[in-house]
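Below is the file target-v2.cif, which contains mmCIF, C-alpha atoms.
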data_upload
#
loop_
_atom_site.label_atom_id
_atom_site.label_comp_id
_atom_site.auth_asym_id
_atom_site.auth_seq_id
_atom_site.Cartn_x
_atom_site.Cartn_y
_atom_site.Cartn_z
CA MET A 55 -116.07 26.42 53.78
CA PHE A 56 -114.78 29.52 55.55
CA ALA A 57 -113.94 27.58 58.70
CA SER A 58 -112.11 24.85 56.82
CA GLY A 59 -110.15 27.48 54.90
CA LEU A 60 -109.16 29.13 58.17
CA VAL A 61 -107.93 25.81 59.51
CA ILE A 62 -105.78 25.27 56.41
CA ILE A 63 -104.24 28.76 56.79
CA GLN A 64 -103.51 28.16 60.47
CA ARG A 65 -101.89 24.80 59.67
CA ALA A 66 -99.76 26.42 56.96
CA LYS A 67 -98.61 29.09 59.41
CA GLY A 68 -97.80 26.39 61.92
CA ILE A 69 -95.72 24.50 59.37
CA GLN A 70 -93.84 27.71 58.49
CA THR A 71 -93.16 28.40 62.17
CA PHE A 72 -91.92 24.85 62.73
CA ALA A 73 -89.71 25.07 59.63
CA GLY A 74 -88.21 28.32 60.89
CA GLN A 75 -87.54 26.83 64.32
CA LEU A 76 -85.94 23.77 62.73
CA LYS A 77 -83.70 25.97 60.57
CA ASN A 78 -82.58 27.97 63.61
CA LEU A 79 -81.77 24.75 65.45
CA VAL A 80 -79.72 23.41 62.53
CA ASP A 81 -77.90 26.74 62.21
CA ARG A 82 -77.05 26.73 65.92
CA ARG A 83 -75.77 23.16 65.71
CA ASN A 84 -73.64 23.97 62.65
CA THR A 85 -72.21 27.03 64.40
CA SER A 86 -71.49 24.95 67.47
CA ARG A 87 -69.85 22.25 65.35
CA MET A 88 -67.66 24.82 63.59
CA ALA A 89 -66.65 26.32 66.92
CA SER A 90 -65.85 22.88 68.34
CA ASN A 91 -63.49 22.22 65.40
CA SER A 92 -61.39 25.26 66.38
CA PRO A 93 -59.17 24.82 69.44
CA PRO A 94 -59.64 27.28 72.30
CA LEU A 95 -57.39 30.32 72.06
CA SER A 96 -55.70 29.24 75.29
CA ASP A 97 -54.57 26.03 73.53
CA MET A 98 -53.16 27.70 70.42
CA ARG A 99 -49.38 27.47 70.60
CA ARG A 100 -46.52 26.37 68.38
CA ALA A 101 -43.22 24.73 69.17
CA TYR A 102 -40.29 27.01 68.43
CA ASN A 103 -36.62 26.16 68.63
CA SER A 104 -35.29 23.24 70.67
CA THR A 105 -33.44 23.84 73.90
CA ASN A 106 -30.07 23.41 72.16
CA GLN A 107 -30.77 26.15 69.59
CA PHE A 108 -30.04 29.18 71.70
CA PHE A 109 -29.38 32.70 70.48
CA ASP A 110 -26.53 33.84 72.66
CA GLU A 111 -24.06 36.69 72.76
CA ALA A 112 -21.56 34.44 70.99
CA ASP A 113 -23.96 34.32 68.01
CA LEU A 114 -23.79 38.07 67.42
CA VAL A 115 -22.06 38.85 64.13
CA SER A 116 -21.10 42.34 65.29
CA LYS A 117 -21.06 44.35 68.47
CA GLU A 118 -23.48 46.92 67.06
CA PRO A 119 -27.09 46.33 66.00
CA PHE A 120 -27.06 47.08 62.27
CA GLY A 121 -24.75 44.22 61.34
CA ASN A 122 -26.91 41.82 63.30
CA PHE A 123 -30.07 43.17 61.68
CA ARG A 124 -28.57 42.73 58.23
CA HIS A 125 -27.60 39.15 59.09
CA TRP A 126 -31.15 38.29 60.23
CA PHE A 127 -32.77 40.22 57.37
CA GLU A 128 -30.73 38.32 54.79
CA ALA A 129 -31.76 35.03 56.41
CA ALA A 130 -35.42 36.07 56.26
CA SER A 131 -35.06 37.15 52.62
CA LYS A 132 -33.88 33.66 51.68
CA GLN A 133 -37.01 32.04 53.17
CA SER A 134 -39.50 31.38 50.37
CA SER A 135 -42.30 31.23 52.94
CA ILE A 136 -41.63 34.85 53.96
CA LEU A 137 -43.20 36.80 51.11
CA GLU A 138 -42.28 40.29 52.30
CA PRO A 139 -39.36 40.19 54.72
CA ASN A 140 -39.31 44.02 54.64
CA SER A 141 -42.84 44.34 56.01
CA MET A 142 -42.87 45.91 59.45
CA ALA A 143 -45.32 47.21 62.01
CA LEU A 144 -44.94 50.95 62.54
CA ALA A 145 -46.25 52.24 65.85
CA THR A 146 -46.82 55.96 66.37
CA ALA A 147 -48.59 58.04 68.99
CA THR A 148 -50.22 61.42 69.37
CA LYS A 149 -48.57 64.08 71.53
CA ASP A 150 -50.74 62.94 74.45
CA GLY A 151 -49.70 59.31 74.01
CA LYS A 152 -52.64 57.71 72.17
CA PRO A 153 -51.04 54.94 70.07
CA SER A 154 -51.79 53.52 66.64
CA VAL A 155 -50.05 50.87 64.56
CA ARG A 156 -50.07 49.64 60.97
CA MET A 157 -47.98 47.61 58.53
CA VAL A 158 -45.62 49.44 56.15
CA LEU A 159 -42.64 48.45 54.01
CA LEU A 160 -39.00 49.13 54.81
CA LYS A 161 -37.26 50.61 51.77
CA GLU A 162 -33.68 51.08 52.97
CA PHE A 163 -31.54 50.69 56.05
CA ASN A 164 -27.97 51.50 56.98
CA GLU A 165 -26.01 52.62 60.04
CA ASN A 166 -28.07 55.83 60.12
CA GLY A 167 -31.43 54.10 60.48
CA PHE A 168 -34.49 52.74 58.69
CA LYS A 169 -36.32 54.45 55.82
CA PHE A 170 -39.95 54.22 54.76
CA PHE A 171 -42.30 56.35 52.65
CA THR A 172 -45.90 57.46 53.10
CA ASN A 173 -48.46 60.25 52.89
CA PHE A 174 -47.63 63.06 55.32
CA CYS A 175 -51.37 63.79 55.72
CA SER A 176 -52.18 60.23 56.83
CA ARG A 177 -52.82 59.43 60.47
CA LYS A 178 -49.26 58.21 60.94
CA GLY A 179 -47.89 61.29 59.20
CA LYS A 180 -49.87 63.62 61.44
CA GLU A 181 -48.85 61.71 64.57
CA LEU A 182 -45.17 61.77 63.58
CA THR A 183 -45.46 65.55 63.18
CA GLN A 184 -46.90 65.81 66.70
CA ASN A 185 -44.63 63.20 68.24
CA PRO A 186 -41.46 62.04 66.42
CA CYS A 187 -40.99 59.00 68.68
CA ALA A 188 -41.87 55.74 66.92
CA SER A 189 -41.28 52.01 67.01
CA LEU A 190 -40.82 49.33 64.34
CA LEU A 191 -41.39 45.60 64.63
CA PHE A 192 -40.24 42.92 62.20
CA PHE A 193 -41.68 39.43 62.76
CA TRP A 194 -40.33 36.53 60.72
CA GLU A 195 -42.53 33.68 61.94
CA PRO A 196 -40.85 30.74 60.09
CA LEU A 197 -37.56 31.69 61.76
CA HIS A 198 -39.19 32.36 65.14
CA ARG A 199 -37.48 35.73 65.19
CA GLN A 200 -38.51 39.32 65.69
CA VAL A 201 -36.66 42.62 65.90
CA ARG A 202 -38.07 45.56 67.82
CA ILE A 203 -36.67 49.01 67.08
CA GLU A 204 -37.35 52.23 68.97
CA GLY A 205 -36.17 55.68 68.03
CA THR A 206 -36.95 59.12 66.69
CA VAL A 207 -38.10 60.02 63.19
CA THR A 208 -37.09 62.80 60.81
CA GLU A 209 -38.31 63.58 57.29
CA LEU A 210 -36.13 62.68 54.34
CA SER A 211 -35.16 65.41 51.88
CA GLU A 212 -37.51 66.32 49.04
CA GLU A 213 -34.82 65.24 46.59
CA GLU A 214 -34.48 61.77 48.11
CA ALA A 215 -38.26 61.31 48.26
CA THR A 216 -38.62 62.37 44.61
CA ASN A 217 -35.84 60.07 43.47
CA TYR A 218 -37.48 57.12 45.21
CA PHE A 219 -40.94 58.08 43.92
CA ARG A 220 -39.67 57.81 40.35
CA THR A 221 -38.64 54.19 40.94
CA ARG A 222 -42.15 53.15 42.01
CA PRO A 223 -44.45 51.28 39.60
CA ARG A 224 -46.51 53.70 37.50
CA MET A 225 -49.80 52.61 39.04
CA SER A 226 -48.35 53.18 42.52
CA GLN A 227 -47.43 56.72 41.48
CA ILE A 228 -51.01 57.23 40.31
CA GLY A 229 -52.29 55.80 43.59
CA ALA A 230 -50.23 58.26 45.64
CA ASN A 231 -51.86 61.13 43.72
CA VAL A 232 -55.35 59.65 44.08
CA SER A 233 -55.37 58.99 47.80
CA ASN A 234 -56.03 61.54 50.54
CA GLN A 235 -54.84 58.85 52.92
CA SER A 236 -56.86 58.37 56.13
CA ASP A 237 -59.55 60.88 55.06
CA VAL A 238 -63.15 59.69 54.77
CA VAL A 239 -64.30 58.79 51.23
CA LYS A 240 -67.89 58.15 50.11
CA ASP A 241 -67.22 54.86 48.28
CA ARG A 242 -64.83 53.02 45.96
CA SER A 243 -66.23 54.76 42.89
CA VAL A 244 -64.66 58.05 44.00
CA LEU A 245 -61.21 56.44 43.94
CA GLU A 246 -61.85 54.84 40.57
CA ALA A 247 -63.03 58.11 39.05
CA LYS A 248 -59.92 59.95 40.25
CA ARG A 249 -57.68 57.13 39.07
CA LEU A 250 -59.20 57.07 35.59
CA ALA A 251 -58.94 60.85 35.32
CA LEU A 252 -55.23 60.75 36.16
CA LEU A 253 -54.61 57.88 33.76
CA GLU A 254 -56.21 59.93 31.03
CA GLU A 255 -54.21 63.01 31.98
CA TYR A 256 -50.78 61.33 32.12
CA GLY A 257 -51.26 58.50 29.65
CA GLU A 258 -48.56 55.87 29.41
CA THR A 259 -45.49 58.06 29.01
CA LYS A 260 -45.99 61.47 30.65
CA SER A 261 -44.10 61.93 33.92
CA ILE A 262 -46.28 61.66 37.01
CA PRO A 263 -45.35 64.25 39.67
CA LYS A 264 -44.74 63.33 43.29
CA PRO A 265 -47.45 64.87 45.48
CA GLN A 266 -46.20 67.49 47.93
CA HIS A 267 -47.88 65.62 50.75
CA TRP A 268 -45.95 62.40 50.01
CA GLY A 269 -42.43 61.67 51.21
CA GLY A 270 -40.15 59.62 53.39
CA TYR A 271 -38.95 59.23 56.95
CA LEU A 272 -35.79 58.03 58.63
CA LEU A 273 -36.15 56.31 61.99
CA LYS A 274 -32.90 56.67 63.89
CA PRO A 275 -32.85 53.99 66.60
CA HIS A 276 -31.73 54.34 70.19
CA SER A 277 -32.74 50.75 71.00
CA MET A 278 -32.85 47.52 68.94
CA GLU A 279 -33.94 44.23 70.47
CA PHE A 280 -33.32 40.83 68.85
CA TRP A 281 -35.76 38.11 69.95
CA GLN A 282 -35.64 34.40 69.14
CA GLY A 283 -38.41 32.11 70.35
CA GLN A 284 -37.88 28.98 72.41
CA THR A 285 -40.42 26.17 72.87
CA ASP A 286 -40.11 26.33 76.67
CA ARG A 287 -40.93 30.08 76.44
CA LEU A 288 -37.51 30.97 77.83
CA HIS A 289 -37.03 33.13 74.75
CA ASP A 290 -33.69 34.70 73.91
CA ARG A 291 -33.63 38.49 74.00
CA ILE A 292 -30.56 40.61 73.35
CA VAL A 293 -30.97 44.37 73.17
CA PHE A 294 -28.57 47.01 71.89
CA ARG A 295 -29.12 50.49 73.28
CA ARG A 296 -27.65 53.91 73.79
CA LEU A 297 -26.90 54.86 77.37
CA LEU A 298 -28.95 57.54 79.06
CA PRO A 299 -27.15 60.76 80.07
CA ASN A 300 -24.96 60.16 83.16
CA GLU A 301 -26.09 56.51 83.29
CA VAL A 302 -23.78 54.19 85.24
CA VAL A 303 -23.96 50.51 84.24
CA ASP A 304 -22.75 47.19 85.61
CA PRO A 305 -20.17 45.94 83.06
CA ASN A 306 -20.97 42.36 84.06
CA VAL A 307 -24.44 42.60 82.48
CA THR A 308 -24.31 45.72 80.29
CA LYS A 309 -21.43 45.26 77.89
CA ALA A 310 -19.76 47.85 75.71
CA GLY A 311 -20.16 47.28 72.01
CA THR A 312 -18.89 49.40 69.13
CA ASP A 313 -19.90 52.82 67.78
CA GLY A 314 -21.24 53.87 71.18
CA TRP A 315 -23.66 50.96 71.54
CA PHE A 316 -24.10 48.79 74.62
CA TYR A 317 -25.80 45.41 74.69
CA GLU A 318 -27.37 43.22 77.34
CA ARG A 319 -29.54 40.13 77.71
CA LEU A 320 -33.09 40.53 78.96
CA TYR A 321 -35.28 38.12 80.86
CA PRO A 322 -37.89 36.55 78.52
#

Using structure tokens, write down the structure that the file contains.
Amino acid sequence: MFASGLVIIQRAKGIQTFAGQLKNLVDRRNTSRMASNSPPLSDMRRAYNSTNQFFDEADLVSKEPFGNFRHWFEAASKQSSILEPNSMALATATKDGKPSVRMVLLKEFNENGFKFFTNFCSRKGKELTQNPCASLLFFWEPLHRQVRIEGTVTELSEEEATNYFRTRPRMSQIGANVSNQSDVVKDRSVLEAKRLALLEEYGETKSIPKPQHWGGYLLKPHSMEFWQGQTDRLHDRIVFRRLLPNEVVDPNVTKAGTDGWFYERLYP
């Protein structure tokens, strides 16, 4: 009896082992099948504009960058497939040049520059304090267009930041008071507890104060590049820039624009 029982146990273990091996094999085949359904990264590419849809100097609506940006931004805003045309990548760096990048929202632009708001104590806020040089990138994929902007950043006035803060949705105002942005937090429950406490404190009508560590920035550009994709990868690139001190240029390739801007075409 004991021996026969031992045989049954051994057979059961064998069946379990075989079942486990079979499951692993099926899992590997499913993973392989899923991978085979995805094209290799090297084959992922999209057709852009045709060869007769160039973006040339004659297509510029002004001889300075802000008019051209407004023209492209308005086109992007009319595209229903572009949900947030004002979303932009903001790249910053530490004083020793270690970069970081994240998506933020543009809130205003004019001939002085581009405005956005954030927490001064966040990683980007700390890096902008150390190093005021920054870059913005807008990418409007359905239009096959991007705009790259480089410049220096200054803080907006407390009055302007407060005025904008008051226009934000109430829950966004609460969120700005809750978040010690970029600091480590134990878990989501900490955020929820702080949020509920503030909701109880301010209710539905009491004014919510702007945190002292929250405000805005103005990026004043010294370079703005307009890029339009071409299917043959001979992309169109036109850059507006300020001249360097004592820089001498070739007027055949670097052309004088307006308001102290110069523009030129770049190789793709």

**Request:** Starting from the point (-45.6, 40.2, 62.6), work out which residues of protein, DNA or RNA have an atom no more than 9 Å away when counting all atoms listed in the file; state them as number ranges by chain.
**Result:** A: 141-143, 157, 191-195, 200

**Complete:** Computed gap from CA of Gln235 in chain A to CA of Arg156 in chain A is 13.1 Å

I'd like to see the residues matched by the PyMOL selection byres ((chain A and resi 162) around 12) on this file, and ideally I'd get them as a tab-separated table (two decimals) with C-alpha atoms, keeping the file's coordinate frame.
chain	number	residue	atom	x	y	z
A	124	ARG	CA	-28.57	42.73	58.23
A	127	PHE	CA	-32.77	40.22	57.37
A	140	ASN	CA	-39.31	44.02	54.64
A	141	SER	CA	-42.84	44.34	56.01
A	159	LEU	CA	-42.64	48.45	54.01
A	160	LEU	CA	-39.00	49.13	54.81
A	161	LYS	CA	-37.26	50.61	51.77
A	163	PHE	CA	-31.54	50.69	56.05
A	164	ASN	CA	-27.97	51.50	56.98
A	165	GLU	CA	-26.01	52.62	60.04
A	166	ASN	CA	-28.07	55.83	60.12
A	167	GLY	CA	-31.43	54.10	60.48
A	168	PHE	CA	-34.49	52.74	58.69
A	169	LYS	CA	-36.32	54.45	55.82
A	170	PHE	CA	-39.95	54.22	54.76
A	171	PHE	CA	-42.30	56.35	52.65
A	210	LEU	CA	-36.13	62.68	54.34
A	214	GLU	CA	-34.48	61.77	48.11
A	218	TYR	CA	-37.48	57.12	45.21
A	270	GLY	CA	-40.15	59.62	53.39
A	271	TYR	CA	-38.95	59.23	56.95
A	272	LEU	CA	-35.79	58.03	58.63
A	273	LEU	CA	-36.15	56.31	61.99

Quick check on the file I pasted: which residues fall under the PyMOL selection byres ((chain A and resi 118) around 9)? Write them as a JSON list (two decimals) with C-alpha atoms, in the frame of the given file.
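The new file out.json reads:
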[["chain", "number", "residue", "atom", "x", "y", "z"],
["A", 114, "LEU", "CA", -23.79, 38.07, 67.42],
["A", 115, "VAL", "CA", -22.06, 38.85, 64.13],
["A", 116, "SER", "CA", -21.10, 42.34, 65.29],
["A", 117, "LYS", "CA", -21.06, 44.35, 68.47],
["A", 119, "PRO", "CA", -27.09, 46.33, 66.00],
["A", 120, "PHE", "CA", -27.06, 47.08, 62.27],
["A", 121, "GLY", "CA", -24.75, 44.22, 61.34],
["A", 122, "ASN", "CA", -26.91, 41.82, 63.30],
["A", 294, "PHE", "CA", -28.57, 47.01, 71.89],
["A", 311, "GLY", "CA", -20.16, 47.28, 72.01],
["A", 312, "THR", "CA", -18.89, 49.40, 69.13],
["A", 313, "ASP", "CA", -19.90, 52.82, 67.78],
["A", 314, "GLY", "CA", -21.24, 53.87, 71.18],
["A", 315, "TRP", "CA", -23.66, 50.96, 71.54],
["A", 316, "PHE", "CA", -24.10, 48.79, 74.62],
["A", 317, "TYR", "CA", -25.80, 45.41, 74.69]]

**Request:** Give me the result of the PyMOL selection byres ((chain A and resi 97-103) around 12) on this file, residue by residue, as an MDAnalysis selection string.
**Result:** chainID A and resid 92:96 104:109 195:199 282:290

**Request:** Using CA of Ser277 in chain A and CA of Ala130 in chain A as the two end points, give the distance in Å to one decimal.
**Result:** 21.0 Å

**Message:** Taking 4 positions as the minimum chain separation for residues in the same chain, which residues sit within 6 Å of His276 in chain A when counting only C-alpha atoms? Answer as a PyMOL selection string.
**Reply:** chain A and resi 205+295-296

**Fill in**
Separating CA of Glu204 in chain A from CA of Ile136 in chain A, to the nearest tenth of an Å, is a gap of 23.4 Å

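Closest approach to Leu182 in chain A among A:Ser154, A:Ser211, A:Ser261, A:Asn234 is made by A:Ser154 (distances from only C-alpha atoms).
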
**Request:** Can you pull out every residue within 12 Å of range 263-269 of chain A, counting all atoms listed in the file, but drop anything in the same chain fewer than 6 positions away, and send it as a ChimeraX atom specification?
**Result:** /A:169-176,179-180,208-222,224,226-235,252,255-256

Please report, as AutoDock Vina command-line options, the centre and edge lengths in Å to one decimal of an axis-aligned box covering all listed atoms of range 189-193 of chain A with 4 Å per side.
--center_x -41.0 --center_y 45.7 --center_z 64.6 --size_x 9.4 --size_y 20.6 --size_z 12.8

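Near (-36.7, 42.0, 73.0), the residues that fall inside 7 Å on the basis of all atoms listed in the file are Arg202, Glu279, Phe280, Trp281, Arg291, Ile292 and Val293 of chain A.
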